[in-house]
Amino acid sequence: MENGVINRAGILLFHHDPERWVFGAYIKIGYFETDSDLRYQDDVHGSLISQADKVIDLLFTKYLKAEISYEDVTRVETYPYPREALREAIYNAIVHKNYATFIPIQISVYKDRIYIGNECVFPDDWTVDNLLKKHNSRAYNPLIANTFFRSGYIEAWGRGIEKIRESCEEHGIKMAEYKVSSSEIMVMFRGLNTQDTTQDTTQDNIKKRILKYCSEPKSKKEIAAYLGFADEQGFAKRHLKPLLAEDVLTMTIPNKPNSKKQKYVTVKK
């Protein structure tokens with residue numbers, strides 16, 4: 001508040017209908033078959049705090065399809081994108097958006113990729129390289145950023161990009177691609193099973209982490225959890241099986257590959 005009057009940040013953050021004062025303060029989501037073929041869409045309205053929760057739930061319940069597998073009798077859902085990375089990218093868009101443009105945040109969902117675009121004021125001395133490197137937090141909307149920080153949605157250390165990188169790596173997908181201009185930023189994620197040859201670098205990184213972690217015997221569950229994978233069976237098929245074939249990883253009980261006591265250990269050479 002300023003002089004007993006609620007300021008614009010307060011209205012955006014907490015009023016149930018901030019668009020009465022700030023046009024475009026909402027999020028558009030659309031599912032596209034092609035760039036010109038929009039199949040369905042939703043608008044997420046309300047306070048910025050409520051939008052933050054609604055948009056993530058809507059994406060994962062309506063727009064994204066999970067791969068289903070089973071661990072014994074337990075159903076496991078593996079989505080093509082890491083929830084943590086999408087959440088971080090969307091929260092960053094909400095916090096850093098230039099609300100004076102009256103243009104909503106736009107999320108375009110395709111079968112194999114997602115775009116998150118928002119109007120912003122990008123610092124004149126910054127490039128994509130600066131953005132992707134370690135940097136200090138420079139919030140365009142400090143009151144909104146501080147509220148999101150105190151609410152536990154974001155950190156105050158400018159680590160959002162690094163968290164996205166780590167989540168993508170652990171999920172087995174390529175790091176999000178960023179395109180920026182002085183007034184707009186677009187983030188693009190490619191989903192699981194849609195990666196191009198550049199994904200090899202991520203796979204190599206996962207391989208190195210597995211081999212380092214398995215210097216002592218570890219179970220499939222322990223390895224998957226360490227790397228942030230929920231689907232143990234899918235993880236083992238994509239990442240452990242190739243290492244076994246390369247003879248750089250071995251089973252502790254090779255004659256009983258499906259044993260509940262099975263563990264994996266790096267081959268010492």
# chains A, B, ... in the order shown; residues from 1 in each chain; ligands from 1
>>> closest_atom_pairs(of="range 19-115 of chain A", to="range 139-146 of chain A", cutoff="8 Å", atoms="only C-alpha atoms", output="CSV")
residue,atom,partner,partner_atom,distance
A:Val95,CA,A:Ala145,CA,5.4
A:His96,CA,A:Tyr140,CA,5.4
A:Lys97,CA,A:Tyr140,CA,7.6
A:Asn98,CA,A:Tyr140,CA,7.8
>>> write_last_selection(atoms="N, CA, C and O atoms", output="CSV table (one decimal), in the first residue's frame")
chain,number,residue,atom,x,y,z
A,95,VAL,N,6.3,-13.0,-12.8
A,95,VAL,CA,7.1,-12.0,-12.0
A,95,VAL,C,7.7,-10.9,-12.8
A,95,VAL,O,7.7,-9.7,-12.4
A,96,HIS,N,8.2,-11.2,-14.0
A,96,HIS,CA,9.0,-10.3,-14.8
A,96,HIS,C,8.2,-9.6,-15.9
A,96,HIS,O,8.8,-8.8,-16.7
A,97,LYS,N,7.0,-9.9,-16.1
A,97,LYS,CA,6.2,-9.4,-17.2
A,97,LYS,C,6.0,-7.9,-17.1
A,97,LYS,O,5.9,-7.3,-16.0
A,98,ASN,N,6.0,-7.2,-18.2
A,98,ASN,CA,5.7,-5.8,-18.3
A,98,ASN,C,4.2,-5.6,-18.4
A,98,ASN,O,3.6,-5.7,-19.5
>>> residues_around(residues="Thr127 in chain A", least_positions_apart="4", cutoff="9 Å", atoms="only C-alpha atoms", output="list in words")
Phe122, Pro123, Leu131, Leu132, Val180 and Ser181 of chain A
>>> write_last_selection(atoms="all heavy atoms", output="PDB file, in the first residue's frame")
ATOM      1  N   PHE A 122      13.793  -6.141 -21.095  1.00  0.00           N
ATOM      2  CA  PHE A 122      15.067  -6.833 -20.946  1.00  0.00           C
ATOM      3  C   PHE A 122      16.176  -5.805 -20.784  1.00  0.00           C
ATOM      4  O   PHE A 122      16.235  -4.830 -21.549  1.00  0.00           O
ATOM      5  CB  PHE A 122      15.326  -7.693 -22.188  1.00  0.00           C
ATOM      6  CG  PHE A 122      16.198  -8.889 -21.929  1.00  0.00           C
ATOM      7  CD1 PHE A 122      15.745  -9.938 -21.139  1.00  0.00           C
ATOM      8  CD2 PHE A 122      17.461  -8.964 -22.473  1.00  0.00           C
ATOM      9  CE1 PHE A 122      16.542 -11.040 -20.905  1.00  0.00           C
ATOM     10  CE2 PHE A 122      18.269 -10.072 -22.250  1.00  0.00           C
ATOM     11  CZ  PHE A 122      17.802 -11.110 -21.455  1.00  0.00           C
ATOM     12  N   PRO A 123      17.059  -5.955 -19.792  1.00  0.00           N
ATOM     13  CA  PRO A 123      18.141  -4.986 -19.587  1.00  0.00           C
ATOM     14  C   PRO A 123      18.964  -4.782 -20.858  1.00  0.00           C
ATOM     15  O   PRO A 123      19.288  -5.734 -21.573  1.00  0.00           O
ATOM     16  CB  PRO A 123      18.986  -5.633 -18.480  1.00  0.00           C
ATOM     17  CG  PRO A 123      18.012  -6.498 -17.734  1.00  0.00           C
ATOM     18  CD  PRO A 123      17.079  -7.041 -18.785  1.00  0.00           C
ATOM     19  N   LEU A 131      21.857 -14.242 -19.584  1.00  0.00           N
ATOM     20  CA  LEU A 131      20.695 -14.818 -18.922  1.00  0.00           C
ATOM     21  C   LEU A 131      20.953 -16.247 -18.479  1.00  0.00           C
ATOM     22  O   LEU A 131      20.532 -16.661 -17.392  1.00  0.00           O
ATOM     23  CB  LEU A 131      19.493 -14.778 -19.878  1.00  0.00           C
ATOM     24  CG  LEU A 131      18.151 -15.299 -19.342  1.00  0.00           C
ATOM     25  CD1 LEU A 131      17.631 -14.394 -18.236  1.00  0.00           C
ATOM     26  CD2 LEU A 131      17.132 -15.398 -20.473  1.00  0.00           C
ATOM     27  N   LEU A 132      21.652 -17.016 -19.317  1.00  0.00           N
ATOM     28  CA  LEU A 132      21.863 -18.426 -19.035  1.00  0.00           C
ATOM     29  C   LEU A 132      23.012 -18.682 -18.070  1.00  0.00           C
ATOM     30  O   LEU A 132      23.164 -19.794 -17.566  1.00  0.00           O
ATOM     31  CB  LEU A 132      22.104 -19.198 -20.343  1.00  0.00           C
ATOM     32  CG  LEU A 132      20.935 -19.199 -21.338  1.00  0.00           C
ATOM     33  CD1 LEU A 132      21.310 -19.973 -22.593  1.00  0.00           C
ATOM     34  CD2 LEU A 132      19.683 -19.796 -20.701  1.00  0.00           C
ATOM     35  N   VAL A 180      15.297 -13.780 -26.959  1.00  0.00           N
ATOM     36  CA  VAL A 180      14.970 -12.534 -26.257  1.00  0.00           C
ATOM     37  C   VAL A 180      15.145 -11.342 -27.175  1.00  0.00           C
ATOM     38  O   VAL A 180      15.934 -11.358 -28.132  1.00  0.00           O
ATOM     39  CB  VAL A 180      15.852 -12.344 -25.006  1.00  0.00           C
ATOM     40  CG1 VAL A 180      15.689 -13.492 -24.039  1.00  0.00           C
ATOM     41  CG2 VAL A 180      17.314 -12.198 -25.402  1.00  0.00           C
ATOM     42  N   SER A 181      14.380 -10.311 -26.884  1.00  0.00           N
ATOM     43  CA  SER A 181      14.540  -9.008 -27.523  1.00  0.00           C
ATOM     44  C   SER A 181      14.391  -7.978 -26.421  1.00  0.00           C
ATOM     45  O   SER A 181      14.256  -8.330 -25.244  1.00  0.00           O
ATOM     46  CB  SER A 181      13.478  -8.800 -28.614  1.00  0.00           C
ATOM     47  OG  SER A 181      12.185  -8.692 -28.032  1.00  0.00           O
TER      48      SER A 181
END
>>> select_by_dssp(residues="range 15-115 of chain A", states="alpha helix (DSSP H)", output="short mmCIF file (atom, residue, chain, number, x, y, z; two decimals) with N, CA and C atoms, in the first residue's frame")
data_model
loop_
_atom_site.label_atom_id
_atom_site.label_comp_id
_atom_site.auth_asym_id
_atom_site.auth_seq_id
_atom_site.Cartn_x
_atom_site.Cartn_y
_atom_site.Cartn_z
N LEU A 48 -2.64 -12.76 -9.43
CA LEU A 48 -1.42 -13.43 -9.91
C LEU A 48 -1.09 -14.65 -9.06
N ILE A 49 -1.35 -14.57 -7.78
CA ILE A 49 -1.08 -15.71 -6.89
C ILE A 49 -1.95 -16.90 -7.28
N SER A 50 -3.23 -16.66 -7.55
CA SER A 50 -4.11 -17.77 -7.93
C SER A 50 -3.78 -18.27 -9.33
N GLN A 51 -3.39 -17.38 -10.24
CA GLN A 51 -3.02 -17.80 -11.58
C GLN A 51 -1.83 -18.76 -11.55
N ALA A 52 -0.88 -18.48 -10.67
CA ALA A 52 0.32 -19.31 -10.57
C ALA A 52 -0.02 -20.77 -10.31
N ASP A 53 -1.00 -21.01 -9.45
CA ASP A 53 -1.40 -22.39 -9.15
C ASP A 53 -2.29 -22.96 -10.26
N LYS A 54 -3.24 -22.17 -10.73
CA LYS A 54 -4.21 -22.66 -11.72
C LYS A 54 -3.55 -23.09 -13.02
N VAL A 55 -2.61 -22.30 -13.52
CA VAL A 55 -2.04 -22.57 -14.83
C VAL A 55 -1.23 -23.87 -14.84
N ILE A 56 -0.52 -24.17 -13.76
CA ILE A 56 0.25 -25.41 -13.70
C ILE A 56 -0.70 -26.61 -13.66
N ASP A 57 -1.73 -26.54 -12.84
CA ASP A 57 -2.70 -27.63 -12.76
C ASP A 57 -3.39 -27.85 -14.10
N LEU A 58 -3.75 -26.77 -14.78
CA LEU A 58 -4.44 -26.88 -16.07
C LEU A 58 -3.54 -27.52 -17.12
N ARG A 83 7.84 -31.03 -14.35
CA ARG A 83 6.92 -30.05 -13.74
C ARG A 83 7.68 -28.89 -13.13
N GLU A 84 8.79 -29.19 -12.50
CA GLU A 84 9.58 -28.16 -11.81
C GLU A 84 10.08 -27.10 -12.80
N ALA A 85 10.52 -27.53 -13.99
CA ALA A 85 11.06 -26.60 -14.98
C ALA A 85 9.96 -25.71 -15.56
N LEU A 86 8.81 -26.31 -15.90
CA LEU A 86 7.71 -25.52 -16.44
C LEU A 86 7.21 -24.51 -15.40
N ARG A 87 7.11 -24.97 -14.16
CA ARG A 87 6.64 -24.09 -13.10
C ARG A 87 7.58 -22.90 -12.94
N GLU A 88 8.87 -23.15 -12.94
CA GLU A 88 9.85 -22.08 -12.78
C GLU A 88 9.76 -21.08 -13.93
N ALA A 89 9.63 -21.58 -15.16
CA ALA A 89 9.56 -20.71 -16.33
C ALA A 89 8.29 -19.85 -16.30
N ILE A 90 7.17 -20.45 -15.90
CA ILE A 90 5.91 -19.71 -15.86
C ILE A 90 5.91 -18.69 -14.72
N TYR A 91 6.43 -19.06 -13.56
CA TYR A 91 6.50 -18.11 -12.45
C TYR A 91 7.41 -16.93 -12.82
N ASN A 92 8.52 -17.23 -13.52
CA ASN A 92 9.40 -16.15 -13.96
C ASN A 92 8.67 -15.20 -14.91
N ALA A 93 7.84 -15.77 -15.79
CA ALA A 93 7.08 -14.94 -16.73
C ALA A 93 6.11 -14.03 -15.98
N ILE A 94 5.44 -14.57 -14.97
CA ILE A 94 4.49 -13.77 -14.18
C ILE A 94 5.20 -12.64 -13.44
N VAL A 95 6.33 -12.97 -12.85
CA VAL A 95 7.05 -12.00 -12.01
C VAL A 95 7.70 -10.89 -12.84
N HIS A 96 8.23 -11.24 -14.02
CA HIS A 96 9.01 -10.27 -14.80
C HIS A 96 8.22 -9.64 -15.94
#
>>> closest_residue(among="A:Leu192, A:Ile223, A:Val187, A:Val44", to="Tyr81 in chain A", atoms="only C-alpha atoms")
A:Leu192
>>> residues_around(residues="range 240-251 of chain A", least_positions_apart="6", cutoff="12 Å", atoms="only C-alpha atoms", output="number ranges by chain")
A: 203-204, 206-221, 223-224, 232-234, 257-259, 261-269
>>> closest_residue(among="A:Ser167, A:Gln41, A:Asn255, A:Asn205", to="Lys62 in chain A", atoms="only C-alpha atoms")
A:Gln41
>>> residues_around(residues="Thr34 in chain A", least_positions_apart="4", cutoff="12 Å", atoms="only C-alpha atoms", output="VMD selection string")
chain A and resid 30 38 to 39 108 to 113
>>> write_last_selection(atoms="C-alpha atoms", output="compact mmCIF listing (two decimals), in the first residue's frame")
# COMPACT_ATOMS: atom_id res chain seq x y z
CA GLY A 30 -3.68 -22.92 -26.44
CA LEU A 38 -5.54 -23.99 -32.86
CA ARG A 39 -7.58 -26.89 -31.44
CA SER A 108 1.45 -22.47 -26.82
CA VAL A 109 1.35 -26.26 -26.47
CA TYR A 110 2.22 -28.57 -29.37
CA LYS A 111 2.58 -32.34 -29.49
CA ASP A 112 6.35 -32.14 -29.13
CA ARG A 113 7.08 -28.71 -27.62
>>> select_by_dssp(residues="range 86-212 of chain A", states="strand (DSSP E or B)", output="list of chain:residue names")
A:Ile105, A:Gln106, A:Ile107, A:Ser108, A:Val109, A:Arg113, A:Ile114, A:Tyr115, A:Ile116, A:Gly117, A:Asn118, A:Glu119, A:Glu177, A:Tyr178, A:Lys179, A:Val180, A:Glu184, A:Ile185, A:Met186, A:Val187, A:Met188, A:Phe189, A:Arg190
>>> closest_residue(among="A:Val121, A:Val22, A:His239, A:His16", to="Glu184 in chain A", atoms="only C-alpha atoms")
A:Val121
>>> residues_around(residues="Ala100 in chain A", least_positions_apart="4", cutoff="10 Å", atoms="only C-alpha atoms", output="ChimeraX atom specification")
/A:22-25,119-120
>>> residues_around(residues="Lys28 in chain A", least_positions_apart="6", cutoff="7 Å", atoms="only C-alpha atoms", output="list in words")
Asp42, Asp43, Val44, Pro104, Ile105, Gln106 and Ile107 of chain A
>>> residues_around(residues="Glu155 in chain A", least_positions_apart="3", cutoff="10 Å", atoms="only C-alpha atoms", output="JSON, numbers by chain")
{"A": [88, 137, 145, 146, 148, 149, 150, 151, 152, 158, 159, 160]}
>>> write_last_selection(atoms="all heavy atoms", output="mmCIF file, in the first residue's frame")
data_model
loop_
_atom_site.group_PDB
_atom_site.id
_atom_site.type_symbol
_atom_site.label_atom_id
_atom_site.label_comp_id
_atom_site.auth_asym_id
_atom_site.auth_seq_id
_atom_site.Cartn_x
_atom_site.Cartn_y
_atom_site.Cartn_z
ATOM 1 N N GLU A 88 8.873 -23.153 -12.941
ATOM 2 C CA GLU A 88 9.848 -22.078 -12.776
ATOM 3 C C GLU A 88 9.756 -21.080 -13.931
ATOM 4 O O GLU A 88 9.800 -19.861 -13.717
ATOM 5 C CB GLU A 88 11.256 -22.672 -12.709
ATOM 6 C CG GLU A 88 12.338 -21.695 -12.293
ATOM 7 C CD GLU A 88 12.231 -21.271 -10.835
ATOM 8 O OE1 GLU A 88 11.752 -22.087 -10.013
ATOM 9 O OE2 GLU A 88 12.615 -20.127 -10.531
ATOM 10 N N SER A 137 19.869 -11.494 -9.184
ATOM 11 C CA SER A 137 18.445 -11.293 -9.447
ATOM 12 C C SER A 137 18.183 -9.816 -9.729
ATOM 13 O O SER A 137 18.573 -8.942 -8.960
ATOM 14 C CB SER A 137 17.624 -11.740 -8.229
ATOM 15 O OG SER A 137 16.254 -11.496 -8.440
ATOM 16 N N ALA A 145 7.876 -9.748 -7.250
ATOM 17 C CA ALA A 145 8.909 -10.775 -7.041
ATOM 18 C C ALA A 145 9.082 -11.084 -5.558
ATOM 19 O O ALA A 145 9.208 -12.254 -5.166
ATOM 20 C CB ALA A 145 10.237 -10.294 -7.642
ATOM 21 N N ASN A 146 9.090 -10.063 -4.722
ATOM 22 C CA ASN A 146 9.264 -10.273 -3.287
ATOM 23 C C ASN A 146 8.098 -11.048 -2.686
ATOM 24 O O ASN A 146 8.292 -11.903 -1.823
ATOM 25 C CB ASN A 146 9.405 -8.925 -2.579
ATOM 26 C CG ASN A 146 9.783 -9.074 -1.122
ATOM 27 O OD1 ASN A 146 10.716 -9.794 -0.777
ATOM 28 N ND2 ASN A 146 9.051 -8.393 -0.250
ATOM 29 N N PHE A 148 6.166 -13.240 -4.340
ATOM 30 C CA PHE A 148 6.302 -14.620 -4.800
ATOM 31 C C PHE A 148 7.410 -15.338 -4.029
ATOM 32 O O PHE A 148 7.292 -16.528 -3.722
ATOM 33 C CB PHE A 148 6.583 -14.663 -6.311
ATOM 34 C CG PHE A 148 5.347 -14.801 -7.145
ATOM 35 C CD1 PHE A 148 4.400 -13.780 -7.181
ATOM 36 C CD2 PHE A 148 5.109 -15.939 -7.890
ATOM 37 C CE1 PHE A 148 3.245 -13.897 -7.941
ATOM 38 C CE2 PHE A 148 3.960 -16.082 -8.654
ATOM 39 C CZ PHE A 148 3.021 -15.052 -8.682
ATOM 40 N N PHE A 149 8.475 -14.607 -3.700
ATOM 41 C CA PHE A 149 9.550 -15.181 -2.898
ATOM 42 C C PHE A 149 9.057 -15.537 -1.494
ATOM 43 O O PHE A 149 9.272 -16.648 -1.005
ATOM 44 C CB PHE A 149 10.720 -14.200 -2.813
ATOM 45 C CG PHE A 149 11.695 -14.503 -1.714
ATOM 46 C CD1 PHE A 149 12.474 -15.646 -1.737
ATOM 47 C CD2 PHE A 149 11.829 -13.639 -0.627
ATOM 48 C CE1 PHE A 149 13.367 -15.933 -0.710
ATOM 49 C CE2 PHE A 149 12.717 -13.909 0.393
ATOM 50 C CZ PHE A 149 13.489 -15.059 0.354
ATOM 51 N N ARG A 150 8.370 -14.616 -0.846
ATOM 52 C CA ARG A 150 7.884 -14.856 0.512
ATOM 53 C C ARG A 150 6.798 -15.934 0.547
ATOM 54 O O ARG A 150 6.601 -16.578 1.581
ATOM 55 C CB ARG A 150 7.350 -13.553 1.112
ATOM 56 C CG ARG A 150 8.434 -12.535 1.416
ATOM 57 C CD ARG A 150 7.875 -11.237 1.957
ATOM 58 N NE ARG A 150 8.925 -10.271 2.276
ATOM 59 C CZ ARG A 150 9.611 -10.265 3.396
ATOM 60 N NH1 ARG A 150 9.355 -11.163 4.340
ATOM 61 N NH2 ARG A 150 10.552 -9.359 3.612
ATOM 62 N N SER A 151 6.127 -16.131 -0.583
ATOM 63 C CA SER A 151 5.098 -17.171 -0.662
ATOM 64 C C SER A 151 5.686 -18.537 -1.004
ATOM 65 O O SER A 151 4.967 -19.537 -1.046
ATOM 66 C CB SER A 151 4.046 -16.793 -1.712
ATOM 67 O OG SER A 151 3.420 -15.574 -1.388
ATOM 68 N N GLY A 152 7.003 -18.580 -1.277
ATOM 69 C CA GLY A 152 7.661 -19.849 -1.561
ATOM 70 C C GLY A 152 7.615 -20.283 -3.008
ATOM 71 O O GLY A 152 8.006 -21.405 -3.338
ATOM 72 N N GLY A 158 18.245 -15.336 -8.181
ATOM 73 C CA GLY A 158 18.494 -15.397 -9.615
ATOM 74 C C GLY A 158 18.899 -16.778 -10.094
ATOM 75 O O GLY A 158 19.644 -16.917 -11.063
ATOM 76 N N ARG A 159 18.401 -17.821 -9.407
ATOM 77 C CA ARG A 159 18.757 -19.199 -9.756
ATOM 78 C C ARG A 159 17.700 -19.893 -10.612
ATOM 79 O O ARG A 159 17.771 -21.087 -10.833
ATOM 80 C CB ARG A 159 18.976 -20.031 -8.486
ATOM 81 C CG ARG A 159 20.219 -19.673 -7.691
ATOM 82 C CD ARG A 159 20.484 -20.706 -6.602
ATOM 83 N NE ARG A 159 20.688 -22.030 -7.151
ATOM 84 C CZ ARG A 159 19.835 -23.047 -7.017
ATOM 85 N NH1 ARG A 159 18.680 -22.884 -6.395
ATOM 86 N NH2 ARG A 159 20.118 -24.219 -7.522
ATOM 87 N N GLY A 160 16.714 -19.148 -11.111
ATOM 88 C CA GLY A 160 15.640 -19.772 -11.857
ATOM 89 C C GLY A 160 16.119 -20.540 -13.072
ATOM 90 O O GLY A 160 15.695 -21.685 -13.318
#
>>> closest_residue(among="A:Ile253, A:Gly191, A:Arg138, A:Val5", to="Leu64 in chain A", atoms="only C-alpha atoms")
A:Gly191
